[in-house]
>>> print(open('run_27.txt').read())   # compact mmCIF, N, CA and C atoms
# COMPACT_ATOMS: atom_id res chain seq x y z
N MET Q 13 -33.46 11.19 0.11
CA MET Q 13 -32.76 10.00 0.50
C MET Q 13 -32.26 9.24 -0.72
N ARG Q 14 -33.08 9.19 -1.79
CA ARG Q 14 -32.66 8.49 -3.01
C ARG Q 14 -31.44 9.14 -3.63
N SER Q 15 -31.38 10.48 -3.61
CA SER Q 15 -30.23 11.15 -4.20
C SER Q 15 -28.96 10.81 -3.43
N LEU Q 16 -29.09 10.64 -2.11
CA LEU Q 16 -27.94 10.27 -1.31
C LEU Q 16 -27.47 8.86 -1.68
N ASP Q 17 -28.42 7.93 -1.88
CA ASP Q 17 -28.06 6.57 -2.29
C ASP Q 17 -27.40 6.58 -3.66
N ASN Q 18 -27.95 7.36 -4.58
CA ASN Q 18 -27.36 7.44 -5.92
C ASN Q 18 -25.96 8.04 -5.86
N MET Q 19 -25.79 9.04 -4.99
CA MET Q 19 -24.49 9.68 -4.85
C MET Q 19 -23.47 8.68 -4.29
N GLU Q 20 -23.91 7.88 -3.32
CA GLU Q 20 -23.01 6.89 -2.74
C GLU Q 20 -22.63 5.85 -3.78
N GLN Q 21 -23.59 5.41 -4.59
CA GLN Q 21 -23.29 4.42 -5.61
C GLN Q 21 -22.35 5.01 -6.66
N HIS Q 22 -22.60 6.28 -7.03
CA HIS Q 22 -21.75 6.93 -8.02
C HIS Q 22 -20.33 7.08 -7.48
N SER Q 23 -20.21 7.52 -6.21
CA SER Q 23 -18.88 7.72 -5.66
C SER Q 23 -18.16 6.40 -5.48
N SER Q 24 -18.88 5.33 -5.10
CA SER Q 24 -18.21 4.04 -4.97
C SER Q 24 -17.81 3.51 -6.34
N GLY Q 25 -18.59 3.77 -7.37
CA GLY Q 25 -18.22 3.38 -8.72
C GLY Q 25 -16.99 4.14 -9.18
N THR Q 26 -16.93 5.42 -8.87
CA THR Q 26 -15.77 6.22 -9.23
C THR Q 26 -14.55 5.74 -8.48
N THR Q 27 -14.74 5.42 -7.22
CA THR Q 27 -13.62 4.92 -6.42
C THR Q 27 -13.12 3.59 -6.99
N GLY Q 28 -14.05 2.74 -7.38
CA GLY Q 28 -13.66 1.47 -7.99
C GLY Q 28 -12.89 1.68 -9.28
N ASP Q 29 -13.33 2.66 -10.09
CA ASP Q 29 -12.63 2.96 -11.34
C ASP Q 29 -11.22 3.46 -11.06
N VAL Q 30 -11.10 4.34 -10.07
CA VAL Q 30 -9.78 4.88 -9.72
C VAL Q 30 -8.88 3.76 -9.22
N ALA Q 31 -9.43 2.90 -8.38
CA ALA Q 31 -8.63 1.78 -7.85
C ALA Q 31 -8.20 0.85 -8.99
N GLU Q 32 -9.13 0.59 -9.90
CA GLU Q 32 -8.81 -0.31 -11.02
C GLU Q 32 -7.75 0.30 -11.92
N ARG Q 33 -7.88 1.60 -12.20
CA ARG Q 33 -6.88 2.28 -13.03
C ARG Q 33 -5.53 2.31 -12.33
N SER Q 34 -5.54 2.55 -11.02
CA SER Q 34 -4.29 2.58 -10.28
C SER Q 34 -3.62 1.22 -10.29
N LEU Q 35 -4.40 0.18 -10.13
CA LEU Q 35 -3.85 -1.18 -10.16
C LEU Q 35 -3.26 -1.48 -11.53
N ARG Q 36 -3.98 -1.11 -12.58
CA ARG Q 36 -3.49 -1.35 -13.94
C ARG Q 36 -2.19 -0.57 -14.19
N TYR Q 37 -2.15 0.69 -13.73
CA TYR Q 37 -0.96 1.52 -13.91
C TYR Q 37 0.23 0.91 -13.16
N THR Q 38 -0.01 0.48 -11.93
CA THR Q 38 1.06 -0.13 -11.13
C THR Q 38 1.57 -1.40 -11.78
N LYS Q 39 0.65 -2.20 -12.29
CA LYS Q 39 1.05 -3.44 -12.97
C LYS Q 39 1.88 -3.13 -14.21
N ASP Q 40 1.46 -2.13 -14.99
CA ASP Q 40 2.22 -1.75 -16.19
C ASP Q 40 3.61 -1.26 -15.82
N GLN Q 41 3.69 -0.44 -14.77
CA GLN Q 41 4.99 0.08 -14.34
C GLN Q 41 5.90 -1.05 -13.86
N PHE Q 42 5.33 -2.01 -13.13
CA PHE Q 42 6.11 -3.14 -12.65
C PHE Q 42 6.64 -3.96 -13.81
N GLU Q 43 5.79 -4.17 -14.81
CA GLU Q 43 6.22 -4.93 -15.99
C GLU Q 43 7.34 -4.21 -16.73
N GLN Q 44 7.26 -2.88 -16.82
CA GLN Q 44 8.32 -2.12 -17.48
C GLN Q 44 9.63 -2.24 -16.72
N VAL Q 45 9.56 -2.13 -15.40
CA VAL Q 45 10.77 -2.25 -14.59
C VAL Q 45 11.37 -3.64 -14.74
N LEU Q 46 10.51 -4.65 -14.74
CA LEU Q 46 10.98 -6.02 -14.90
C LEU Q 46 11.66 -6.21 -16.26
N GLU Q 47 11.07 -5.67 -17.33
CA GLU Q 47 11.67 -5.77 -18.66
C GLU Q 47 13.02 -5.06 -18.71
N GLN Q 48 13.09 -3.87 -18.10
CA GLN Q 48 14.35 -3.12 -18.09
C GLN Q 48 15.42 -3.86 -17.30
N THR Q 49 15.01 -4.50 -16.21
CA THR Q 49 15.96 -5.26 -15.41
C THR Q 49 16.48 -6.46 -16.18
N GLU Q 50 15.57 -7.17 -16.85
CA GLU Q 50 16.01 -8.32 -17.65
C GLU Q 50 16.98 -7.88 -18.75
N GLU Q 51 16.67 -6.77 -19.38
CA GLU Q 51 17.54 -6.26 -20.44
C GLU Q 51 18.92 -5.91 -19.89
N TYR Q 52 18.95 -5.26 -18.72
CA TYR Q 52 20.22 -4.87 -18.10
C TYR Q 52 21.04 -6.11 -17.74
N VAL Q 53 20.37 -7.13 -17.18
CA VAL Q 53 21.07 -8.35 -16.77
C VAL Q 53 21.64 -9.07 -17.99
N ARG Q 54 20.90 -9.08 -19.10
CA ARG Q 54 21.40 -9.73 -20.32
C ARG Q 54 22.60 -8.98 -20.89
N GLU Q 55 22.60 -7.65 -20.78
CA GLU Q 55 23.71 -6.86 -21.32
C GLU Q 55 24.93 -6.86 -20.40
N ASN Q 56 24.70 -6.92 -19.08
CA ASN Q 56 25.79 -6.83 -18.10
C ASN Q 56 25.68 -7.94 -17.06
N PRO Q 57 25.91 -9.18 -17.43
CA PRO Q 57 25.69 -10.26 -16.47
C PRO Q 57 26.64 -10.23 -15.27
N ALA Q 58 27.90 -9.89 -15.49
CA ALA Q 58 28.87 -9.87 -14.39
C ALA Q 58 28.51 -8.78 -13.38
N ARG Q 59 28.19 -7.62 -13.88
CA ARG Q 59 27.84 -6.51 -12.99
C ARG Q 59 26.54 -6.82 -12.24
N ALA Q 60 25.59 -7.45 -12.91
CA ALA Q 60 24.33 -7.80 -12.26
C ALA Q 60 24.55 -8.81 -11.13
N VAL Q 61 25.42 -9.79 -11.37
CA VAL Q 61 25.73 -10.76 -10.32
C VAL Q 61 26.44 -10.07 -9.15
N ALA Q 62 27.35 -9.16 -9.46
CA ALA Q 62 28.05 -8.42 -8.40
C ALA Q 62 27.06 -7.61 -7.57
N TYR Q 63 26.11 -6.94 -8.22
CA TYR Q 63 25.09 -6.18 -7.49
C TYR Q 63 24.23 -7.11 -6.63
N ALA Q 64 23.89 -8.28 -7.16
CA ALA Q 64 23.07 -9.23 -6.41
C ALA Q 64 23.82 -9.73 -5.17
N VAL Q 65 25.11 -10.02 -5.32
CA VAL Q 65 25.91 -10.47 -4.18
C VAL Q 65 26.02 -9.37 -3.14
N LEU Q 66 26.26 -8.15 -3.58
CA LEU Q 66 26.36 -7.01 -2.67
C LEU Q 66 25.03 -6.79 -1.92
N ALA Q 67 23.93 -6.85 -2.64
CA ALA Q 67 22.62 -6.67 -2.00
C ALA Q 67 22.36 -7.79 -1.00
N GLY Q 68 22.70 -9.03 -1.34
CA GLY Q 68 22.54 -10.15 -0.42
C GLY Q 68 23.39 -9.98 0.82
N PHE Q 69 24.62 -9.50 0.66
CA PHE Q 69 25.50 -9.28 1.80
C PHE Q 69 24.94 -8.22 2.73
N ILE Q 70 24.47 -7.12 2.14
CA ILE Q 70 23.90 -6.03 2.95
C ILE Q 70 22.65 -6.50 3.67
N LEU Q 71 21.76 -7.21 2.99
CA LEU Q 71 20.54 -7.71 3.62
C LEU Q 71 20.85 -8.72 4.72
N ASN Q 72 21.92 -9.50 4.53
CA ASN Q 72 22.33 -10.47 5.54
C ASN Q 72 22.82 -9.77 6.80
N ARG Q 73 23.46 -8.64 6.65
CA ARG Q 73 24.03 -7.92 7.80
C ARG Q 73 23.01 -7.04 8.51
N LEU Q 74 21.93 -6.70 7.85
CA LEU Q 74 20.92 -5.84 8.50
C LEU Q 74 20.15 -6.63 9.55
N PRO Q 75 19.83 -6.00 10.65
CA PRO Q 75 19.03 -6.67 11.68
C PRO Q 75 17.55 -6.61 11.33
N ILE Q 76 17.16 -7.35 10.31
CA ILE Q 76 15.79 -7.27 9.78
C ILE Q 76 14.77 -7.68 10.83
N CYS Q 77 15.08 -8.70 11.62
CA CYS Q 77 14.12 -9.13 12.65
C CYS Q 77 13.88 -8.03 13.67
N ARG Q 78 14.92 -7.34 14.06
CA ARG Q 78 14.76 -6.23 15.02
C ARG Q 78 13.96 -5.09 14.40
N ILE Q 79 14.24 -4.81 13.16
CA ILE Q 79 13.51 -3.72 12.48
C ILE Q 79 12.03 -4.07 12.39
N LEU Q 80 11.71 -5.30 11.98
CA LEU Q 80 10.31 -5.71 11.86
C LEU Q 80 9.62 -5.75 13.21
N SER Q 81 10.30 -6.24 14.25
CA SER Q 81 9.66 -6.29 15.56
C SER Q 81 9.42 -4.88 16.10
N GLY Q 82 10.33 -3.96 15.85
CA GLY Q 82 10.11 -2.57 16.25
C GLY Q 82 8.95 -1.96 15.51
N PHE Q 83 8.83 -2.27 14.24
CA PHE Q 83 7.72 -1.77 13.44
C PHE Q 83 6.38 -2.31 13.96
N VAL Q 84 6.35 -3.60 14.29
CA VAL Q 84 5.12 -4.20 14.82
C VAL Q 84 4.75 -3.58 16.15
N ARG Q 85 5.74 -3.36 17.02
CA ARG Q 85 5.47 -2.71 18.31
C ARG Q 85 4.93 -1.30 18.10
N LEU Q 86 5.49 -0.57 17.15
CA LEU Q 86 5.01 0.78 16.87
C LEU Q 86 3.56 0.77 16.38
N ILE Q 87 3.23 -0.19 15.53
CA ILE Q 87 1.86 -0.31 15.04
C ILE Q 87 0.91 -0.63 16.18
N MET Q 88 1.32 -1.52 17.07
CA MET Q 88 0.46 -1.90 18.19
C MET Q 88 0.23 -0.72 19.13
N ILE Q 89 1.24 0.12 19.32
CA ILE Q 89 1.09 1.30 20.16
C ILE Q 89 0.13 2.28 19.50
N ALA Q 90 0.22 2.45 18.18
CA ALA Q 90 -0.65 3.39 17.47
C ALA Q 90 -2.06 2.83 17.28
N PHE Q 91 -2.22 1.53 17.42
CA PHE Q 91 -3.52 0.88 17.18
C PHE Q 91 -4.55 1.26 18.24
N LYS Q 92 -4.13 1.39 19.49
CA LYS Q 92 -5.07 1.71 20.58
C LYS Q 92 -5.73 3.07 20.39
N PRO Q 93 -4.98 4.15 20.13
CA PRO Q 93 -5.65 5.44 19.89
C PRO Q 93 -6.51 5.43 18.62
N ALA Q 94 -6.10 4.65 17.63
CA ALA Q 94 -6.89 4.58 16.40
C ALA Q 94 -8.24 3.94 16.68
N ILE Q 95 -8.27 2.89 17.49
CA ILE Q 95 -9.54 2.26 17.85
C ILE Q 95 -10.40 3.22 18.65
N LEU Q 96 -9.79 3.97 19.55
CA LEU Q 96 -10.53 4.95 20.35
C LEU Q 96 -11.14 6.03 19.45
N ALA Q 97 -10.37 6.53 18.50
CA ALA Q 97 -10.88 7.55 17.59
C ALA Q 97 -12.00 6.99 16.72
N TYR Q 98 -11.85 5.76 16.26
CA TYR Q 98 -12.89 5.13 15.45
C TYR Q 98 -14.18 4.96 16.25
N GLY Q 99 -14.06 4.51 17.48
CA GLY Q 99 -15.23 4.35 18.34
C GLY Q 99 -15.91 5.67 18.62
N ALA Q 100 -15.13 6.71 18.86
CA ALA Q 100 -15.70 8.03 19.12
C ALA Q 100 -16.42 8.55 17.88
N THR Q 101 -15.87 8.31 16.71
CA THR Q 101 -16.51 8.73 15.47
C THR Q 101 -17.83 8.01 15.25
N LYS Q 102 -17.83 6.70 15.48
CA LYS Q 102 -19.07 5.93 15.33
C LYS Q 102 -20.12 6.37 16.34
N LEU Q 103 -19.71 6.67 17.57
CA LEU Q 103 -20.64 7.15 18.58
C LEU Q 103 -21.24 8.50 18.17
N TYR Q 104 -20.40 9.38 17.65
CA TYR Q 104 -20.88 10.68 17.18
C TYR Q 104 -21.86 10.51 16.03
N GLN Q 105 -21.55 9.63 15.09
CA GLN Q 105 -22.46 9.38 13.96
C GLN Q 105 -23.79 8.80 14.44
N ALA Q 106 -23.74 7.92 15.42
CA ALA Q 106 -24.96 7.32 15.94
C ALA Q 106 -25.83 8.38 16.62
N THR Q 107 -25.21 9.31 17.36
CA THR Q 107 -26.00 10.36 18.01
C THR Q 107 -26.58 11.31 16.97
N GLN Q 108 -25.85 11.56 15.90
CA GLN Q 108 -26.35 12.44 14.85
C GLN Q 108 -27.52 11.78 14.12
N ASN Q 109 -27.46 10.49 13.90
CA ASN Q 109 -28.56 9.77 13.24
C ASN Q 109 -29.78 9.71 14.14
N ASP Q 110 -29.60 9.60 15.45
CA ASP Q 110 -30.73 9.58 16.38
C ASP Q 110 -31.43 10.92 16.44
N GLU Q 111 -30.68 12.01 16.28
CA GLU Q 111 -31.28 13.34 16.32
C GLU Q 111 -32.13 13.60 15.08
N GLU Q 112 -31.76 13.00 13.96
CA GLU Q 112 -32.53 13.20 12.73
C GLU Q 112 -33.75 12.37 12.80
>>> encode(input="run_27.txt", output="C-alpha cells")
Amino acid sequence: MRSLDNMEQHSSGTTGDVAERSLRYTKDQFEQVLEQTEEYVRENPARAVAYAVLAGFILNRLPICRILSGFVRLIMIAFKPAILAYGATKLYQATQNDEE
C-alpha cells in the first residue's frame, strides 16, 4: 500500500512538473509572438491598421452569438452521457474496492 501511495505522489509530482513546464513554454511562446507582432506593427503601421480594420469587419459580420450558443448546446448534449459514464466508472471502482 505504501508503494502505491509513493507512486501516486511521484506521478502527481511529475504531472505538476509537466504542467509547470508547459505553462512556462506557452508563456514564452506568447511573449515571442507578442514581440514579433509589436516589431511588425512598428515596421508596417499602415498595413497593420488595415489588417486590424479587416479583422474587425470580419468579426463584426460573423454570427458569433449563434456560434457560441450552438457550441453551448452541443456541450450540454454531450454532458449527459459524460456524467453517465463517470457515474458508471465510479460505481465499478466502488465494487472493485469492496471485493478487495
>>> atom_distance(input="run_27.txt", atom1="atom CA of Ala58 of chain Q", atom2="atom CA of Lys39 of chain Q")
28.6 Å
>>> atom_distance(input="run_27.txt", atom1="atom CA of Ala31 of chain Q", atom2="atom C of Val45 of chain Q")
21.8 Å
>>> atom_distance(input="run_27.txt", atom1="atom N of Phe83 of chain Q", atom2="atom CA of Leu71 of chain Q")
16.7 Å
>>> decode(input="run_27.txt", residues="segment 59-87 of chain Q", atoms="N, CA and C atoms", output="PDB file, in the first residue's frame")
ATOM      1  N   ARG Q  59      -0.116  48.936 -42.869  1.00  0.00           N
ATOM      2  CA  ARG Q  59      -0.586  47.577 -43.160  1.00  0.00           C
ATOM      3  C   ARG Q  59      -1.206  46.947 -41.913  1.00  0.00           C
ATOM      4  N   ALA Q  60      -0.618  47.207 -40.748  1.00  0.00           N
ATOM      5  CA  ALA Q  60      -1.158  46.657 -39.507  1.00  0.00           C
ATOM      6  C   ALA Q  60      -2.545  47.219 -39.213  1.00  0.00           C
ATOM      7  N   VAL Q  61      -2.727  48.517 -39.449  1.00  0.00           N
ATOM      8  CA  VAL Q  61      -4.048  49.122 -39.243  1.00  0.00           C
ATOM      9  C   VAL Q  61      -5.050  48.540 -40.235  1.00  0.00           C
ATOM     10  N   ALA Q  62      -4.627  48.348 -41.476  1.00  0.00           N
ATOM     11  CA  ALA Q  62      -5.522  47.758 -42.482  1.00  0.00           C
ATOM     12  C   ALA Q  62      -5.933  46.349 -42.071  1.00  0.00           C
ATOM     13  N   TYR Q  63      -4.987  45.553 -41.584  1.00  0.00           N
ATOM     14  CA  TYR Q  63      -5.319  44.194 -41.118  1.00  0.00           C
ATOM     15  C   TYR Q  63      -6.272  44.245 -39.928  1.00  0.00           C
ATOM     16  N   ALA Q  64      -6.063  45.198 -39.024  1.00  0.00           N
ATOM     17  CA  ALA Q  64      -6.931  45.320 -37.852  1.00  0.00           C
ATOM     18  C   ALA Q  64      -8.354  45.695 -38.273  1.00  0.00           C
ATOM     19  N   VAL Q  65      -8.475  46.616 -39.225  1.00  0.00           N
ATOM     20  CA  VAL Q  65      -9.804  47.014 -39.708  1.00  0.00           C
ATOM     21  C   VAL Q  65     -10.483  45.841 -40.397  1.00  0.00           C
ATOM     22  N   LEU Q  66      -9.747  45.120 -41.222  1.00  0.00           N
ATOM     23  CA  LEU Q  66     -10.302  43.952 -41.911  1.00  0.00           C
ATOM     24  C   LEU Q  66     -10.753  42.881 -40.910  1.00  0.00           C
ATOM     25  N   ALA Q  67      -9.938  42.614 -39.911  1.00  0.00           N
ATOM     26  CA  ALA Q  67     -10.308  41.619 -38.898  1.00  0.00           C
ATOM     27  C   ALA Q  67     -11.536  42.073 -38.126  1.00  0.00           C
ATOM     28  N   GLY Q  68     -11.619  43.354 -37.779  1.00  0.00           N
ATOM     29  CA  GLY Q  68     -12.785  43.887 -37.089  1.00  0.00           C
ATOM     30  C   GLY Q  68     -14.041  43.773 -37.934  1.00  0.00           C
ATOM     31  N   PHE Q  69     -13.920  44.050 -39.235  1.00  0.00           N
ATOM     32  CA  PHE Q  69     -15.064  43.937 -40.134  1.00  0.00           C
ATOM     33  C   PHE Q  69     -15.556  42.502 -40.221  1.00  0.00           C
ATOM     34  N   ILE Q  70     -14.614  41.570 -40.366  1.00  0.00           N
ATOM     35  CA  ILE Q  70     -14.987  40.145 -40.458  1.00  0.00           C
ATOM     36  C   ILE Q  70     -15.633  39.680 -39.164  1.00  0.00           C
ATOM     37  N   LEU Q  71     -15.059  40.037 -38.019  1.00  0.00           N
ATOM     38  CA  LEU Q  71     -15.633  39.634 -36.732  1.00  0.00           C
ATOM     39  C   LEU Q  71     -17.005  40.261 -36.509  1.00  0.00           C
ATOM     40  N   ASN Q  72     -17.203  41.475 -37.024  1.00  0.00           N
ATOM     41  CA  ASN Q  72     -18.499  42.135 -36.901  1.00  0.00           C
ATOM     42  C   ASN Q  72     -19.560  41.412 -37.719  1.00  0.00           C
ATOM     43  N   ARG Q  73     -19.188  40.862 -38.842  1.00  0.00           N
ATOM     44  CA  ARG Q  73     -20.142  40.187 -39.731  1.00  0.00           C
ATOM     45  C   ARG Q  73     -20.423  38.745 -39.331  1.00  0.00           C
ATOM     46  N   LEU Q  74     -19.547  38.149 -38.555  1.00  0.00           N
ATOM     47  CA  LEU Q  74     -19.765  36.748 -38.150  1.00  0.00           C
ATOM     48  C   LEU Q  74     -20.879  36.676 -37.109  1.00  0.00           C
ATOM     49  N   PRO Q  75     -21.693  35.655 -37.193  1.00  0.00           N
ATOM     50  CA  PRO Q  75     -22.751  35.472 -36.186  1.00  0.00           C
ATOM     51  C   PRO Q  75     -22.189  34.806 -34.936  1.00  0.00           C
ATOM     52  N   ILE Q  76     -21.383  35.540 -34.192  1.00  0.00           N
ATOM     53  CA  ILE Q  76     -20.666  34.963 -33.051  1.00  0.00           C
ATOM     54  C   ILE Q  76     -21.633  34.458 -31.991  1.00  0.00           C
ATOM     55  N   CYS Q  77     -22.718  35.180 -31.753  1.00  0.00           N
ATOM     56  CA  CYS Q  77     -23.683  34.730 -30.737  1.00  0.00           C
ATOM     57  C   CYS Q  77     -24.294  33.394 -31.121  1.00  0.00           C
ATOM     58  N   ARG Q  78     -24.611  33.226 -32.383  1.00  0.00           N
ATOM     59  CA  ARG Q  78     -25.179  31.945 -32.839  1.00  0.00           C
ATOM     60  C   ARG Q  78     -24.154  30.824 -32.719  1.00  0.00           C
ATOM     61  N   ILE Q  79     -22.930  31.128 -33.068  1.00  0.00           N
ATOM     62  CA  ILE Q  79     -21.877  30.105 -32.982  1.00  0.00           C
ATOM     63  C   ILE Q  79     -21.677  29.688 -31.529  1.00  0.00           C
ATOM     64  N   LEU Q  80     -21.600  30.656 -30.622  1.00  0.00           N
ATOM     65  CA  LEU Q  80     -21.405  30.339 -29.205  1.00  0.00           C
ATOM     66  C   LEU Q  80     -22.598  29.591 -28.623  1.00  0.00           C
ATOM     67  N   SER Q  81     -23.818  29.997 -28.984  1.00  0.00           N
ATOM     68  CA  SER Q  81     -24.985  29.296 -28.447  1.00  0.00           C
ATOM     69  C   SER Q  81     -25.054  27.868 -28.975  1.00  0.00           C
ATOM     70  N   GLY Q  82     -24.685  27.655 -30.222  1.00  0.00           N
ATOM     71  CA  GLY Q  82     -24.634  26.297 -30.761  1.00  0.00           C
ATOM     72  C   GLY Q  82     -23.586  25.459 -30.055  1.00  0.00           C
ATOM     73  N   PHE Q  83     -22.460  26.062 -29.756  1.00  0.00           N
ATOM     74  CA  PHE Q  83     -21.400  25.358 -29.044  1.00  0.00           C
ATOM     75  C   PHE Q  83     -21.853  24.973 -27.633  1.00  0.00           C
ATOM     76  N   VAL Q  84     -22.535  25.896 -26.950  1.00  0.00           N
ATOM     77  CA  VAL Q  84     -23.036  25.607 -25.602  1.00  0.00           C
ATOM     78  C   VAL Q  84     -24.067  24.493 -25.645  1.00  0.00           C
ATOM     79  N   ARG Q  85     -24.965  24.531 -26.626  1.00  0.00           N
ATOM     80  CA  ARG Q  85     -25.957  23.453 -26.761  1.00  0.00           C
ATOM     81  C   ARG Q  85     -25.281  22.112 -27.017  1.00  0.00           C
ATOM     82  N   LEU Q  86     -24.253  22.104 -27.844  1.00  0.00           N
ATOM     83  CA  LEU Q  86     -23.526  20.868 -28.118  1.00  0.00           C
ATOM     84  C   LEU Q  86     -22.864  20.320 -26.858  1.00  0.00           C
ATOM     85  N   ILE Q  87     -22.287  21.199 -26.064  1.00  0.00           N
ATOM     86  CA  ILE Q  87     -21.663  20.776 -24.805  1.00  0.00           C
ATOM     87  C   ILE Q  87     -22.701  20.202 -23.857  1.00  0.00           C
TER      88      ILE Q  87
END
